[in-house]
Each structure stands twice: as structure tokens, then as C-alpha cells.
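Data first, discussion second: the structure below is written as C-alpha cells.
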Amino acid sequence: MIVIFVYAGRPHFFVVEGDTTVPGPPTPTVVAAAPAAERRSVLRDPSFLRLWAGTTASGLATWAMPFVLGLAVLDGALSPSALGLVLATRTAGFLGAVVVGGVLADRYSRRSVVWWAGLAAALASPVLAAGVGRSVTVMALAGVVIGAGQGACRPAFQALTAEVVDPARRQQANAAMTLSVRVTTLAGPALAAVLAAFLAIPVLLLGMGLVWLAAAAVPPRGRLAPEA
């Protein structure tokens, strides 16, 4: 006769033979396999890598711009006061767009916000390049637009992470995005310094426009439901 009783939440079996009780085989413990998406590293997810590349591109362009304009001062194409004015207008555009960008990212498609913000900065970069040595007013206006693109895309990039990465791997994703931000603060100026040895200032600013275009076009559409 087989006797079954439950102890500590697990069933136990005993085989009773006459007056002797013989323990039955232990119940195997079943361990549920983790979903494949949770086991796989976020760095092997093509959608996240596209998002990470877009974020990195925007960071490189953001931190390279002040350094490139500083080189223009050394070359005599831009005065120190003009440099201060352009950077001030860029900062004003950035601060104003951060708030607006956060609202837009909550109400509209975050991918669309990234696209339009990056595209605005990309289109303003040639205007900035055309104004070097010619018109400080043109450079200042372009600086406002570039700063606005930088400010609007930042909250959208952060919010888009929740649409691209599932909750189980979101900590990995946030760590990778933070690393991208930290690295670009050094890589942007360093890359600009290396390229300045071979390219003119306007060409570098045009290159920044291409980097901004990549930041706008490379990120994927969110495949998960947006979080409230």
C-alpha cells in the first residue's frame, strides 16, 4: 500500500509492506526554465544595440560641438565672445527643449520624438558650419536649434528603453546606456581633436550633422507597450 502525505509543502510517498514502512522515491523537483529573452544578454539584442548606437551618436555630437567651436577660436575663425554667444544659445535651446521633450515623449511616439529632434540638430549643423567666419547671428540661431534637438531627444531616448527592453533585462540596459553617456563625454572631444588635424572646422561641423542624422535614423521602433 502507498501512503501519501504532505510535509513542508511537498508530497512524500511511503510504501507499506506488512508491518514495515519503506520510504518511496523522492518527488523530483521541477525547476521552471527561464524564458529565453531573460537569459540572453541585452547586448545580444539587435533592437537594443540600435538604440544604444543612436544614444552614443547623439552623445558624441553633443560633446564634440563645444570642442570644435573652441578650435575655431584658435584658428581665428571665431572670436571668444562669439563662441560664448553660440554656446549660450545652444544651452538655452537645450534647457527649453528638455521640458518640452519630456512632455512630448509622454504623449506621443517616443521614436518619433527621437527622429524629429535628431533631424532638427542634423539640419542645423550645416547652417552652423556655413556661419563660421561669416555670421555670428546665423551660428547663434543654428545653436538654438541644435541645443533644442539635444534636449528633446534625451528624455525620449530614456523612455524608449522601456519600449525596447523587457523588464527582466532593463537593469542591464540602463547600465549600458549610462556607460554610453559617460564614455561620450571623453570620446567626443578626443575624436574631434584627432580629426581636426586632418579636417577643417566647417567639415567637422558637417560631420556632426551626419552623426546627428545617424542618431535620428538608427534607433528602432518600440516593440513593447509603453509604461505609464
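Labels for the C-alpha cells follow display order: chains A, B, ..., residues from 1 in each chain, ligands from 1.
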
**OP:** Do a neighbour search on region 65-81 of chain A at 7 Å with only C-alpha atoms, toss out local chain neighbours closer than 3 positions, and write the hits as number ranges by chain.
**Re:** A: 61-62, 84-85, 132-133, 189, 192, 201

Original post:
Near Leu191 (chain A), within 9 Å and counting only C-alpha atoms, which residues show up once chain neighbours fewer than 5 positions away are dropped, as an NGL selection string?
Top reply: :A and (60 or 64 or 186 or 196)

Original post:
When distances are computed from only C-alpha atoms, which of A:Ala187, A:Ala162, A:Ala197, A:Val127 shows the smallest separation from Val145 (chain A)?
Top reply: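 Among A:Ala187, A:Ala162, A:Ala197, A:Val127, it is A:Val127 that comes nearest to Val145 (chain A).
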
Subject >> Proximity to Trp63 (chain A) - best of A:Val218, A:Ala82, A:Leu123, A:Val181, only C-alpha atoms >> reply: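 So, comparing all the options, the nearest one is A:Val181.
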
Original post:
Which residues, written as a count of residues only, have at least one atom at most 8 Å from region 147-159 of chain A, with only C-alpha atoms counted and residues fewer than 6 positions away on the same chain left out?
Top reply: 29

**OP:** For each of A:Pro167, A:Pro126, A:Gly143, A:Gly131, take the minimum atom-to-atom distance to Leu210 (chain A), counting only C-alpha atoms, then give the residue where this is smallest.
**Re:**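 Closest to Leu210 (chain A), using only C-alpha atoms: A:Pro126.
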
**OP:** Work out how far CA of Met139 (chain A) is from CA of Ala57 (chain A), in Å to one decimal.
**Re:**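 These atoms are spaced 21.9 Å apart.
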
**OP:** Select from chain A everything DSSP, run on the backbone, classes as strand (DSSP E), then give the selection as a VMD selection string.
**Re:** chain A and resid 2 to 7 10 to 17 20 to 23

**OP:** To one decimal in Å, tell me the separation between CA of Gln172 (chain A) and CA of Ala214 (chain A).
**Re:**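 Between these atoms lies a distance of 23.5 Å.
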
Original post:
Leaving out Leu43 (chain A) and any residue of its chain fewer than 5 positions from it, which residues lie within 9 Å of it when counting only C-alpha atoms, given as a ChimeraX atom specification?
Top reply: /A:48-49,172-173,176

**OP:** Using only C-alpha atoms, find the one residue out of A:Arg107, A:Arg170, A:Val86, A:Ala130 that sits nearest to Val144 (chain A).
**Re:** A:Val86

**OP:** Counting only C-alpha atoms, figure out which residue out of A:Leu204, A:Ala142, A:Val183, A:Val165 gets nearest to Arg50 (chain A).
**Re:**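 Closest residue, counting only C-alpha atoms: A:Val165.
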
Original post:
Distance CA of Gly59 (chain A)-CA of Met177 (chain A), one decimal place?
Top reply: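 So the two atoms, CA of Gly59 (chain A) and CA of Met177 (chain A), lie 10.7 Å apart.
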